[in-house]
Amino acid sequence: MADSDSLPKVEHEKDSDILVIEDISDAISALQSTVDEKKLLWKIDLHVVPWLSLLYLLSFMDRGSIGNAKLYGLEKDIGITDKQYLIGLTVFFFPYAFIEPISNVFLRRLQPSIYLSSMMLVWGLVMTCHGLITNYGGLITVRFLLGVTEGGLYAGVVFYISSWYKRSEMGTRIAIFFSGATVAGAFSGLLAAAISNMDGIGGKTGWQWIFILEGLATILVAIASFWIIQDFPTTAKFLTEKERTFVVHRLQQDTKLSANGKESFRMKYVLQSLTDWQTWIGCARFIYNRSDGPLYAFSLFTPSVINQVRFKATEANLLSVPVYAWACLVTCAVGVLADRVGARGYINCFFFGIGLVGYIILIVSRTPALSYFAVYLAASSVIHSSNSASWVACNVEGSYKRAVILATVIGFGNMNGVVTSNIYRARDTPWYRLGHGIVLAYIAIGFLSSLLYHILLKRENARRDRGERDEIIDGIDNKQAHERNGRYASVEEARIAKGDRWSGFRYTL
């Protein structure tokens, strides 16, 4: 029976804090006789994914509950115009987007159990304060602070999940985590309809109780999170020593050599992230933000859109429930499908295509039932941004580089909330042609950019297959190797130094 003493030799690479495994495959084989991989994955899933999904559910519900509160007299009670309401939505996104890159660096350096829980505790307090505002200044203040305190959660959790799972496993887990957003949409509609009946209790209106009770729920979950959220695989308390070793080795076999947690922060990782073509061409300005913009428009205005096509406030909130339930099923199905077939680019294009049909119907329809049907098509399209996040995470190696790229990509995506929170104007009711038209343009660009990103990745993989990216490795005779690709003492040194730019790394298409 194998034990830790029988594992392949582990030694430190010269001038590096990263452990080099002489033969990772042998390490995994040595442990497989004592570790059941399927049971281990299930164990990790139970300890990591459900609670993170709850966090995101509360996060998405808290930021979007203002859309429900609006239906119950928020604007009238605090004396604001529709334009001021839209500004209140907009101000949330500036700090929310810009805080994400630096937040992910801190998450990597600190314990997730402490960092994520503290973040959640503070935003719960801010959310509760939403129920105490009495004027426009108060609205702007609490929305800005909510952006500051919630910023970094989504990008941080996507990075955190990528630190636990292989590339072929991330899509399902990120989709389940992201489904918290869809459940939040359904649950917030039900919850708002129920809480609105508390109107007048304690001298507070129904919309105030929506904010207060949801904020208090967030605070309670945040306190529990200090003990429930696990840290990275190398220190996870729910795993045995052999299980921790096995998890690290299987991630390293999947080209994640940084999985051992020994990678020290260096500014070069940030610079690599900011100069990587994937950050700017493939992801931030083309892929993620084109699915994120419609997502925020959808989540913030779905109750209002349904309400304006001749459904009352409570009916609109209740009718949004099955829409989000459908979106939840689609999100999880996309995650499983993407992990099994690996064609994340084609999946993106397919669902963007569905979105194009949905929003064209919303623009031309003048029938409430047909518009309501189109909302389901729209939900199928805009809610699949978890696939885009998984696509990015799969194609970046190096823990700090992955942390910064994910945060930058998602941060730029979140900046689209600045635009999409202002496109559904009161004067455009009941059919919101302008808003639907802008979202349609976002989706069209998303379709084309997903296709472009897929082509660029495929072209780069082909270059590596032809040997055009081969490094010079001391002691190995390779006529295709070139000095411009770097010179290294060993293959392992090249893998660690170059990450996803290593010639043996293949991008997920």
# chains A, B, ... in the order shown; residues from 1 in each chain; ligands from 1
>>> residues_around(residues="Cys332 in chain A", least_positions_apart="2", cutoff="10 Å", atoms="only C-alpha atoms", output="VMD selection string")
chain A and resid 171 to 179 327 to 330 334 to 338 384 386 to 387
>>> write_last_selection(atoms="all heavy atoms", output="compact mmCIF listing (two decimals), in the first residue's frame")
# COMPACT_ATOMS: atom_id res chain seq x y z
N GLY A 171 -16.32 24.17 -15.22
CA GLY A 171 -17.55 24.72 -15.79
C GLY A 171 -18.78 24.36 -14.99
O GLY A 171 -19.63 25.22 -14.71
N THR A 172 -18.89 23.09 -14.61
CA THR A 172 -20.05 22.64 -13.84
C THR A 172 -20.11 23.34 -12.49
O THR A 172 -21.18 23.82 -12.07
CB THR A 172 -20.00 21.12 -13.62
OG1 THR A 172 -19.96 20.47 -14.89
CG2 THR A 172 -21.21 20.64 -12.83
N ARG A 173 -18.97 23.43 -11.82
CA ARG A 173 -18.96 24.03 -10.48
C ARG A 173 -19.22 25.53 -10.54
O ARG A 173 -19.97 26.08 -9.71
CB ARG A 173 -17.62 23.77 -9.80
CG ARG A 173 -17.51 22.42 -9.12
CD ARG A 173 -17.33 21.29 -10.11
NE ARG A 173 -17.29 19.98 -9.45
CZ ARG A 173 -17.07 18.85 -10.11
NH1 ARG A 173 -16.87 18.87 -11.42
NH2 ARG A 173 -17.07 17.70 -9.47
N ILE A 174 -18.63 26.22 -11.51
CA ILE A 174 -18.88 27.65 -11.63
C ILE A 174 -20.33 27.91 -12.02
O ILE A 174 -20.96 28.87 -11.56
CB ILE A 174 -17.91 28.29 -12.66
CG1 ILE A 174 -16.47 28.25 -12.10
CG2 ILE A 174 -18.31 29.73 -12.96
CD1 ILE A 174 -15.43 28.77 -13.06
N ALA A 175 -20.89 27.02 -12.85
CA ALA A 175 -22.29 27.17 -13.24
C ALA A 175 -23.21 26.99 -12.04
O ALA A 175 -24.18 27.74 -11.87
CB ALA A 175 -22.65 26.15 -14.32
N ILE A 176 -22.92 25.99 -11.21
CA ILE A 176 -23.74 25.78 -10.01
C ILE A 176 -23.62 26.98 -9.08
O ILE A 176 -24.62 27.47 -8.53
CB ILE A 176 -23.31 24.49 -9.28
CG1 ILE A 176 -23.64 23.27 -10.14
CG2 ILE A 176 -24.01 24.38 -7.92
CD1 ILE A 176 -23.11 21.97 -9.59
N PHE A 177 -22.40 27.47 -8.92
CA PHE A 177 -22.19 28.68 -8.11
C PHE A 177 -22.96 29.85 -8.71
O PHE A 177 -23.68 30.58 -8.00
CB PHE A 177 -20.70 29.00 -8.05
CG PHE A 177 -20.38 30.43 -7.75
CD1 PHE A 177 -20.60 30.96 -6.49
CD2 PHE A 177 -19.87 31.27 -8.74
CE1 PHE A 177 -20.31 32.29 -6.22
CE2 PHE A 177 -19.57 32.59 -8.47
CZ PHE A 177 -19.81 33.10 -7.21
N PHE A 178 -22.84 30.03 -10.03
CA PHE A 178 -23.49 31.16 -10.69
C PHE A 178 -25.01 31.03 -10.68
O PHE A 178 -25.72 32.03 -10.77
CB PHE A 178 -23.00 31.28 -12.13
CG PHE A 178 -23.45 32.51 -12.83
CD1 PHE A 178 -22.84 33.73 -12.58
CD2 PHE A 178 -24.50 32.48 -13.74
CE1 PHE A 178 -23.26 34.88 -13.21
CE2 PHE A 178 -24.93 33.63 -14.38
CZ PHE A 178 -24.30 34.84 -14.12
N SER A 179 -25.50 29.78 -10.56
CA SER A 179 -26.95 29.59 -10.52
C SER A 179 -27.56 30.29 -9.31
O SER A 179 -28.77 30.52 -9.26
CB SER A 179 -27.30 28.09 -10.48
OG SER A 179 -26.87 27.50 -9.27
N ALA A 327 -33.84 29.87 -16.04
CA ALA A 327 -32.46 30.31 -16.21
C ALA A 327 -31.51 29.47 -15.37
O ALA A 327 -30.39 29.16 -15.79
CB ALA A 327 -32.32 31.78 -15.86
N CYS A 328 -31.95 29.07 -14.19
CA CYS A 328 -31.13 28.23 -13.32
C CYS A 328 -30.86 26.88 -13.96
O CYS A 328 -29.73 26.39 -13.97
CB CYS A 328 -31.82 28.05 -11.97
SG CYS A 328 -30.90 27.04 -10.79
N LEU A 329 -31.89 26.28 -14.53
CA LEU A 329 -31.73 24.99 -15.21
C LEU A 329 -30.78 25.12 -16.40
O LEU A 329 -29.91 24.26 -16.61
CB LEU A 329 -33.10 24.48 -15.68
CG LEU A 329 -34.09 24.07 -14.58
CD1 LEU A 329 -35.44 23.70 -15.20
CD2 LEU A 329 -33.54 22.90 -13.77
N VAL A 330 -30.94 26.19 -17.17
CA VAL A 330 -30.08 26.40 -18.34
C VAL A 330 -28.62 26.59 -17.90
O VAL A 330 -27.70 26.03 -18.50
CB VAL A 330 -30.55 27.62 -19.16
CG1 VAL A 330 -29.55 27.96 -20.25
CG2 VAL A 330 -31.92 27.34 -19.77
N VAL A 334 -25.67 24.11 -19.08
CA VAL A 334 -24.55 24.63 -19.88
C VAL A 334 -23.22 24.25 -19.23
O VAL A 334 -22.26 23.86 -19.91
CB VAL A 334 -24.66 26.16 -20.04
CG1 VAL A 334 -23.36 26.74 -20.59
CG2 VAL A 334 -25.81 26.50 -20.97
N GLY A 335 -23.13 24.37 -17.90
CA GLY A 335 -21.90 24.03 -17.21
C GLY A 335 -21.51 22.57 -17.40
O GLY A 335 -20.36 22.25 -17.69
N VAL A 336 -22.48 21.68 -17.24
CA VAL A 336 -22.22 20.25 -17.42
C VAL A 336 -21.84 19.95 -18.86
O VAL A 336 -20.87 19.21 -19.13
CB VAL A 336 -23.46 19.41 -17.01
CG1 VAL A 336 -23.26 17.94 -17.34
CG2 VAL A 336 -23.75 19.58 -15.53
N LEU A 337 -22.59 20.51 -19.81
CA LEU A 337 -22.32 20.26 -21.22
C LEU A 337 -20.93 20.76 -21.63
O LEU A 337 -20.19 20.06 -22.32
CB LEU A 337 -23.39 20.96 -22.08
CG LEU A 337 -23.24 20.82 -23.60
CD1 LEU A 337 -23.41 19.36 -24.00
CD2 LEU A 337 -24.27 21.70 -24.32
N ALA A 338 -20.57 21.96 -21.16
CA ALA A 338 -19.27 22.53 -21.52
C ALA A 338 -18.12 21.68 -20.98
O ALA A 338 -17.10 21.51 -21.64
CB ALA A 338 -19.16 23.96 -21.01
N HIS A 384 -25.81 32.93 -19.24
CA HIS A 384 -24.75 31.94 -19.46
C HIS A 384 -23.35 32.52 -19.30
O HIS A 384 -22.38 31.90 -19.71
CB HIS A 384 -24.89 31.32 -20.85
CG HIS A 384 -24.34 32.17 -21.97
ND1 HIS A 384 -25.01 33.25 -22.46
CD2 HIS A 384 -23.18 32.10 -22.66
CE1 HIS A 384 -24.28 33.81 -23.42
NE2 HIS A 384 -23.17 33.14 -23.55
N SER A 386 -21.51 32.48 -16.92
CA SER A 386 -20.65 31.57 -16.16
C SER A 386 -19.77 30.77 -17.11
O SER A 386 -18.63 30.42 -16.77
CB SER A 386 -21.49 30.62 -15.30
OG SER A 386 -22.35 29.83 -16.11
N ASN A 387 -20.28 30.48 -18.30
CA ASN A 387 -19.47 29.76 -19.29
C ASN A 387 -18.31 30.61 -19.76
O ASN A 387 -17.20 30.11 -19.98
CB ASN A 387 -20.35 29.35 -20.49
CG ASN A 387 -19.59 28.52 -21.51
OD1 ASN A 387 -19.04 27.47 -21.19
ND2 ASN A 387 -19.52 29.00 -22.74
>>> residues_around(residues="range 49-51 of chain A", least_positions_apart="2", cutoff="12 Å", atoms="only C-alpha atoms", output="ChimeraX atom specification")
/A:41-47,53-58,113,116-117,157-158,160-162,164-165,170,172-180,221-222,224-230
>>> atom_distance(atom1="CA of Gly358 in chain A", atom2="CA of Ala374 in chain A")
4.8 Å
>>> residues_around(residues="range 376-380 of chain A", least_positions_apart="6", cutoff="8 Å", atoms="only C-alpha atoms", output="number ranges by chain")
A: 298, 323-324, 326-327, 330-331, 351, 354-359
>>> residues_around(residues="Gln208 in chain A", least_positions_apart="5", cutoff="12 Å", atoms="only C-alpha atoms", output="PyMOL selection string")
chain A and resi 65-66+68-70+72-75+77-78+127-134+192+195-203+213-215
>>> residues_around(residues="Ser163 in chain A", least_positions_apart="3", cutoff="12 Å", atoms="only C-alpha atoms", output="ChimeraX atom specification")
/A:44,48,107-108,112,156-160,166-167,169-170,173-174,230-234,236,247-248,250-252,254-261,393-394,396-400,402-403
>>> closest_residue(among="A:Gly64, A:Gly499, A:Gly152, A:Gly504", to="Val105 in chain A", atoms="only C-alpha atoms")
A:Gly152
>>> select_by_dssp(residues="range 332-504 of chain A", states="helix (DSSP H, G or I)", output="PyMOL selection string")
chain A and resi 332-341+344-364+368-382+385-394+399-420+426-428+433-465+483-485+491-501
>>> atom_distance(atom1="CA of Thr34 in chain A", atom2="CA of Lys242 in chain A")
8.2 Å
>>> residues_around(residues="Ile80 in chain A", least_positions_apart="5", cutoff="8 Å", atoms="only C-alpha atoms", output="MDAnalysis selection string")
chainID A and resid 75 85 135:136
>>> atom_distance(atom1="CA of Lys458 in chain A", atom2="CA of Thr279 in chain A")
16.6 Å
